[in-house]
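Note: the block below is data-v8.pdb and it holds PDB, C-alpha atoms.
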```pdb
ATOM      1  CA  MET V 231      -5.228 -21.647  -9.193
ATOM      2  CA  ARG V 232      -2.450 -19.216 -10.083
ATOM      3  CA  GLY V 233      -4.888 -16.885 -11.856
ATOM      4  CA  LEU V 234      -7.131 -16.816  -8.774
ATOM      5  CA  ALA V 235      -4.172 -16.210  -6.458
ATOM      6  CA  ALA V 236      -3.012 -13.279  -8.606
ATOM      7  CA  ARG V 237      -6.465 -11.662  -8.515
ATOM      8  CA  VAL V 238      -6.744 -12.101  -4.744
ATOM      9  CA  ALA V 239      -3.309 -10.555  -4.241
ATOM     10  CA  THR V 240      -4.386  -7.415  -6.124
ATOM     11  CA  VAL V 241      -7.545  -7.034  -4.032
ATOM     12  CA  ILE V 242      -5.686  -6.876  -0.714
ATOM     13  CA  ARG V 243      -3.074  -4.241  -1.401
ATOM     14  CA  ILE V 244      -1.885  -1.582   1.015
ATOM     15  CA  ASP V 245      -0.785   1.775  -0.405
ATOM     16  CA  ALA V 246      -0.356   3.473   2.991
ATOM     17  CA  LEU V 247      -0.018   2.139   6.507
ATOM     18  CA  TRP V 248      -1.215   4.196   9.498
ATOM     19  CA  LEU V 249      -0.068   3.592  13.059
ATOM     20  CA  ALA V 250      -2.467   4.246  15.953
ATOM     21  CA  THR V 251      -0.255   5.578  18.722
ATOM     22  CA  CYS V 252      -2.994   5.528  21.391
ATOM     23  CA  PRO V 253      -3.686   2.062  22.860
ATOM     24  CA  VAL V 254      -6.902   0.298  21.852
ATOM     25  CA  ASP V 255      -8.938  -2.319  23.698
ATOM     26  CA  MET V 256      -8.220  -5.553  21.816
ATOM     27  CA  ARG V 257     -11.788  -6.736  22.336
ATOM     28  CA  ALA V 258     -12.665  -4.216  19.617
ATOM     29  CA  GLY V 259     -13.807  -5.797  16.393
ATOM     30  CA  PRO V 260     -13.621  -4.438  12.849
ATOM     31  CA  GLU V 261     -16.649  -2.159  13.287
ATOM     32  CA  ARG V 262     -15.261  -0.478  16.399
ATOM     33  CA  LEU V 263     -11.783  -0.100  14.885
ATOM     34  CA  LEU V 264     -13.324   1.333  11.729
ATOM     35  CA  ALA V 265     -15.330   3.777  13.861
ATOM     36  CA  ARG V 266     -12.048   4.918  15.450
ATOM     37  CA  VAL V 267     -10.495   5.471  12.011
ATOM     38  CA  VAL V 268     -13.550   7.465  10.882
ATOM     39  CA  GLN V 269     -13.464   9.490  14.120
ATOM     40  CA  VAL V 270      -9.838  10.505  13.504
ATOM     41  CA  PHE V 271      -9.766  10.866   9.692
ATOM     42  CA  GLY V 272     -13.408  11.350   8.673
ATOM     43  CA  CYS V 273     -13.354   8.209   6.514
ATOM     44  CA  ALA V 274     -11.302   5.099   5.805
ATOM     45  CA  GLN V 275      -9.356   5.282   2.561
ATOM     46  CA  ALA V 276      -9.387   2.344   0.163
ATOM     47  CA  HIS V 277      -6.141   0.329   0.151
ATOM     48  CA  HIS V 278      -4.955   1.836   3.427
ATOM     49  CA  GLY V 279      -4.010  -0.237   6.470
ATOM     50  CA  TYR V 280      -4.489   0.852  10.080
ATOM     51  CA  LEU V 281      -2.408  -0.750  12.870
ATOM     52  CA  PHE V 282      -3.621  -0.799  16.485
ATOM     53  CA  ALA V 283      -1.955  -2.150  19.648
ATOM     54  CA  ASN V 284      -3.039  -2.698  23.233
ATOM     55  CA  ALA V 285      -1.567  -0.733  26.163
ATOM     56  CA  ARG V 286       1.049  -3.413  26.940
ATOM     57  CA  ALA V 287       2.034  -3.707  23.244
ATOM     58  CA  THR V 288       1.612  -7.488  23.350
ATOM     59  CA  ARG V 289      -1.260  -7.597  20.869
ATOM     60  CA  MET V 290      -1.753  -5.938  17.506
ATOM     61  CA  LYS V 291      -4.649  -5.662  15.056
ATOM     62  CA  LEU V 292      -4.487  -4.617  11.423
ATOM     63  CA  LEU V 293      -7.557  -3.171   9.720
ATOM     64  CA  VAL V 294      -7.355  -2.981   5.910
ATOM     65  CA  HIS V 295      -9.925  -1.293   3.686
ATOM     66  CA  ASP V 296      -9.719  -3.105   0.342
ATOM     67  CA  GLY V 297     -12.134  -0.891  -1.588
ATOM     68  CA  PHE V 298     -15.090  -3.240  -1.003
ATOM     69  CA  GLY V 299     -15.026  -3.778   2.749
ATOM     70  CA  VAL V 300     -12.621  -4.203   5.636
ATOM     71  CA  TRP V 301     -10.290  -7.007   6.702
ATOM     72  CA  CYS V 302      -9.169  -7.420  10.287
ATOM     73  CA  ALA V 303      -6.161  -9.502  11.322
ATOM     74  CA  ALA V 304      -4.810 -10.001  14.842
ATOM     75  CA  ARG V 305      -1.426 -10.973  16.260
ATOM     76  CA  ARG V 306      -0.604 -11.880  19.870
ATOM     77  CA  LEU V 307       2.882 -12.284  21.301
ATOM     78  CA  ASN V 308       3.460 -14.955  23.946
ATOM     79  CA  GLN V 309       6.752 -13.333  24.964
ATOM     80  CA  GLY V 310       8.127  -9.814  24.576
ATOM     81  CA  ARG V 311       6.438  -6.718  23.213
ATOM     82  CA  PHE V 312       6.046  -4.869  19.941
ATOM     83  CA  ALA V 313       8.178  -1.717  19.654
ATOM     84  CA  TRP V 314       5.322   0.793  19.617
ATOM     85  CA  GLN V 315       5.589   4.563  19.438
ATOM     86  CA  ARG V 316       3.213   6.492  21.712
ATOM     87  CA  LEU V 317       2.127   9.937  20.493
ATOM     88  CA  GLU V 318      -1.236  11.481  19.637
ATOM     89  CA  GLN V 319      -3.994   9.999  17.463
ATOM     90  CA  MET V 320      -2.652   8.293  14.318
ATOM     91  CA  GLN V 321       0.253   8.934  12.027
ATOM     92  CA  VAL V 322       1.315   7.556   8.685
ATOM     93  CA  ILE V 323       4.388   5.353   8.978
ATOM     94  CA  THR V 324       4.968   4.478   5.349
ATOM     95  CA  ARG V 325       3.727   5.209   1.864
ATOM     96  CA  MET V 326       4.166   2.349  -0.591
TER      97      MET V 326
END
```
Will you turn the file into structure tokens for me?
Amino acid sequence: MRGLAARVATVIRIDALWLATCPVDMRAGPERLLARVVQVFGCAQAHHGYLFANARATRMKLLVHDGFGVWCAARRLNQGRFAWQRLEQMQVITRM
């Protein structure tokens, strides 16, 4: 099992993380989020992650392109809000 876990860990790696500073409708699925990434950047880069939040900053979705396809994960807060910067389009927040 350790060999399998090590291979899976290398598939889902994130070299850069991009923050969407415009709110997104959280009903959007992976295809719609990917379309937004393509609209802004022209394409989704392999091993890049794209973070999206709703207008109230109580929900967040992460879209990761792993080189083969996309992964989409969601997080919802029951209390409080995410600290979310509001600017234009998307910006890179970290390079790993």
Review point. What does the distance from CA of Trp248 in chain V to CA of Gly299 in chain V come to in Å, to one decimal?
Key: 17.3 Å
Point to revise | Expansion of the PyMOL selection byres ((chain V and resi 266) around 12) into residues, as a VMD selection string | key: chain V and resid 250 252 to 255 258 to 265 267 to 274 280 to 282 293 319 to 320
Point to revise | Matched chain/residue IDs from the PyMOL selection byres ((chain V and resi 287) around 10), as an NGL selection string | key: :V and (253-254 or 282-286 or 288-290 or 306-307 or 310-315)
**Study point:** Selection result of the PyMOL selection byres ((chain V and resi 296) around 9) on this file, as a ChimeraX atom specification
**Key:** /V:241-244,275-279,294-295,297-301
If the box runs along x, y and z of the file and leaves 4 Å on each side of range 252-259 of chain V, what are its centre and edge lengths in Å, one decimal, as AutoDock Vina command-line options?
```
--center_x -8.4 --center_y -0.6 --center_z 20.0 --size_x 18.8 --size_y 20.3 --size_z 15.3
```
Atoms are missing here; could range 290-301 of chain V be completed with all heavy atoms and written as a PDB file, in the coordinates of the input?
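And here is the file that came out, rebuild-v4.pdb:
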```
ATOM      1  N   MET V 290      -1.639  -6.890  18.594  1.00  0.00           N
ATOM      2  CA  MET V 290      -1.753  -5.938  17.506  1.00  0.00           C
ATOM      3  C   MET V 290      -2.896  -6.369  16.594  1.00  0.00           C
ATOM      4  O   MET V 290      -3.121  -7.572  16.400  1.00  0.00           O
ATOM      5  CB  MET V 290      -0.438  -5.917  16.720  1.00  0.00           C
ATOM      6  CG  MET V 290      -0.445  -5.011  15.534  1.00  0.00           C
ATOM      7  SD  MET V 290       1.155  -4.872  14.707  1.00  0.00           S
ATOM      8  CE  MET V 290       1.569  -6.559  14.370  1.00  0.00           C
ATOM      9  N   LYS V 291      -3.623  -5.392  16.059  1.00  0.00           N
ATOM     10  CA  LYS V 291      -4.649  -5.662  15.056  1.00  0.00           C
ATOM     11  C   LYS V 291      -4.396  -4.770  13.853  1.00  0.00           C
ATOM     12  O   LYS V 291      -4.006  -3.618  13.994  1.00  0.00           O
ATOM     13  CB  LYS V 291      -6.050  -5.391  15.604  1.00  0.00           C
ATOM     14  CG  LYS V 291      -6.540  -6.492  16.505  1.00  0.00           C
ATOM     15  CD  LYS V 291      -8.013  -6.400  16.770  1.00  0.00           C
ATOM     16  CE  LYS V 291      -8.443  -7.599  17.612  1.00  0.00           C
ATOM     17  NZ  LYS V 291      -9.873  -7.557  17.898  1.00  0.00           N
ATOM     18  N   LEU V 292      -4.624  -5.336  12.682  1.00  0.00           N
ATOM     19  CA  LEU V 292      -4.487  -4.617  11.423  1.00  0.00           C
ATOM     20  C   LEU V 292      -5.856  -4.572  10.766  1.00  0.00           C
ATOM     21  O   LEU V 292      -6.488  -5.609  10.564  1.00  0.00           O
ATOM     22  CB  LEU V 292      -3.488  -5.321  10.498  1.00  0.00           C
ATOM     23  CG  LEU V 292      -3.425  -4.812   9.062  1.00  0.00           C
ATOM     24  CD1 LEU V 292      -2.900  -3.381   9.028  1.00  0.00           C
ATOM     25  CD2 LEU V 292      -2.566  -5.730   8.217  1.00  0.00           C
ATOM     26  N   LEU V 293      -6.304  -3.374  10.435  1.00  0.00           N
ATOM     27  CA  LEU V 293      -7.557  -3.171   9.720  1.00  0.00           C
ATOM     28  C   LEU V 293      -7.204  -2.664   8.331  1.00  0.00           C
ATOM     29  O   LEU V 293      -6.478  -1.676   8.202  1.00  0.00           O
ATOM     30  CB  LEU V 293      -8.421  -2.147  10.457  1.00  0.00           C
ATOM     31  CG  LEU V 293      -9.816  -1.932   9.899  1.00  0.00           C
ATOM     32  CD1 LEU V 293     -10.703  -3.122  10.269  1.00  0.00           C
ATOM     33  CD2 LEU V 293     -10.412  -0.659  10.451  1.00  0.00           C
ATOM     34  N   VAL V 294      -7.649  -3.362   7.296  1.00  0.00           N
ATOM     35  CA  VAL V 294      -7.355  -2.981   5.910  1.00  0.00           C
ATOM     36  C   VAL V 294      -8.668  -2.748   5.184  1.00  0.00           C
ATOM     37  O   VAL V 294      -9.555  -3.599   5.206  1.00  0.00           O
ATOM     38  CB  VAL V 294      -6.543  -4.068   5.178  1.00  0.00           C
ATOM     39  CG1 VAL V 294      -6.309  -3.680   3.729  1.00  0.00           C
ATOM     40  CG2 VAL V 294      -5.235  -4.330   5.878  1.00  0.00           C
ATOM     41  N   HIS V 295      -8.775  -1.588   4.545  1.00  0.00           N
ATOM     42  CA  HIS V 295      -9.925  -1.293   3.686  1.00  0.00           C
ATOM     43  C   HIS V 295      -9.497  -1.649   2.270  1.00  0.00           C
ATOM     44  O   HIS V 295      -8.568  -1.057   1.730  1.00  0.00           O
ATOM     45  CB  HIS V 295     -10.287   0.186   3.792  1.00  0.00           C
ATOM     46  CG  HIS V 295     -11.556   0.550   3.096  1.00  0.00           C
ATOM     47  ND1 HIS V 295     -11.768   0.313   1.771  1.00  0.00           N
ATOM     48  CD2 HIS V 295     -12.684   1.121   3.559  1.00  0.00           C
ATOM     49  CE1 HIS V 295     -12.974   0.735   1.433  1.00  0.00           C
ATOM     50  NE2 HIS V 295     -13.549   1.232   2.510  1.00  0.00           N
ATOM     51  N   ASP V 296     -10.143  -2.632   1.662  1.00  0.00           N
ATOM     52  CA  ASP V 296      -9.719  -3.105   0.342  1.00  0.00           C
ATOM     53  C   ASP V 296     -10.500  -2.487  -0.816  1.00  0.00           C
ATOM     54  O   ASP V 296     -10.335  -2.888  -1.956  1.00  0.00           O
ATOM     55  CB  ASP V 296      -9.784  -4.633   0.269  1.00  0.00           C
ATOM     56  CG  ASP V 296     -11.201  -5.176   0.340  1.00  0.00           C
ATOM     57  OD1 ASP V 296     -12.157  -4.388   0.423  1.00  0.00           O
ATOM     58  OD2 ASP V 296     -11.356  -6.410   0.324  1.00  0.00           O
ATOM     59  N   GLY V 297     -11.335  -1.512  -0.540  1.00  0.00           N
ATOM     60  CA  GLY V 297     -12.134  -0.891  -1.588  1.00  0.00           C
ATOM     61  C   GLY V 297     -13.549  -1.432  -1.626  1.00  0.00           C
ATOM     62  O   GLY V 297     -14.447  -0.799  -2.167  1.00  0.00           O
ATOM     63  N   PHE V 298     -13.769  -2.615  -1.059  1.00  0.00           N
ATOM     64  CA  PHE V 298     -15.090  -3.240  -1.003  1.00  0.00           C
ATOM     65  C   PHE V 298     -15.599  -3.372   0.422  1.00  0.00           C
ATOM     66  O   PHE V 298     -16.782  -3.348   0.682  1.00  0.00           O
ATOM     67  CB  PHE V 298     -15.058  -4.637  -1.644  1.00  0.00           C
ATOM     68  CG  PHE V 298     -14.609  -4.628  -3.068  1.00  0.00           C
ATOM     69  CD1 PHE V 298     -13.341  -5.070  -3.395  1.00  0.00           C
ATOM     70  CD2 PHE V 298     -15.438  -4.170  -4.064  1.00  0.00           C
ATOM     71  CE1 PHE V 298     -12.910  -5.062  -4.701  1.00  0.00           C
ATOM     72  CE2 PHE V 298     -15.010  -4.154  -5.378  1.00  0.00           C
ATOM     73  CZ  PHE V 298     -13.740  -4.597  -5.704  1.00  0.00           C
ATOM     74  N   GLY V 299     -14.695  -3.568   1.344  1.00  0.00           N
ATOM     75  CA  GLY V 299     -15.026  -3.778   2.749  1.00  0.00           C
ATOM     76  C   GLY V 299     -13.755  -3.719   3.567  1.00  0.00           C
ATOM     77  O   GLY V 299     -12.737  -3.208   3.105  1.00  0.00           O
ATOM     78  N   VAL V 300     -13.808  -4.241   4.774  1.00  0.00           N
ATOM     79  CA  VAL V 300     -12.621  -4.203   5.636  1.00  0.00           C
ATOM     80  C   VAL V 300     -12.199  -5.612   6.036  1.00  0.00           C
ATOM     81  O   VAL V 300     -13.023  -6.510   6.162  1.00  0.00           O
ATOM     82  CB  VAL V 300     -12.849  -3.346   6.901  1.00  0.00           C
ATOM     83  CG1 VAL V 300     -13.038  -1.895   6.534  1.00  0.00           C
ATOM     84  CG2 VAL V 300     -13.995  -3.847   7.716  1.00  0.00           C
ATOM     85  N   TRP V 301     -10.902  -5.780   6.210  1.00  0.00           N
ATOM     86  CA  TRP V 301     -10.290  -7.007   6.702  1.00  0.00           C
ATOM     87  C   TRP V 301      -9.678  -6.684   8.046  1.00  0.00           C
ATOM     88  O   TRP V 301      -9.095  -5.620   8.230  1.00  0.00           O
ATOM     89  CB  TRP V 301      -9.179  -7.471   5.760  1.00  0.00           C
ATOM     90  CG  TRP V 301      -9.620  -7.859   4.403  1.00  0.00           C
ATOM     91  CD1 TRP V 301      -9.885  -7.024   3.361  1.00  0.00           C
ATOM     92  CD2 TRP V 301      -9.851  -9.180   3.920  1.00  0.00           C
ATOM     93  NE1 TRP V 301     -10.261  -7.749   2.267  1.00  0.00           N
ATOM     94  CE2 TRP V 301     -10.241  -9.072   2.582  1.00  0.00           C
ATOM     95  CE3 TRP V 301      -9.748 -10.442   4.498  1.00  0.00           C
ATOM     96  CZ2 TRP V 301     -10.537 -10.184   1.805  1.00  0.00           C
ATOM     97  CZ3 TRP V 301     -10.041 -11.544   3.709  1.00  0.00           C
ATOM     98  CH2 TRP V 301     -10.438 -11.407   2.385  1.00  0.00           C
TER      99      TRP V 301
END
```
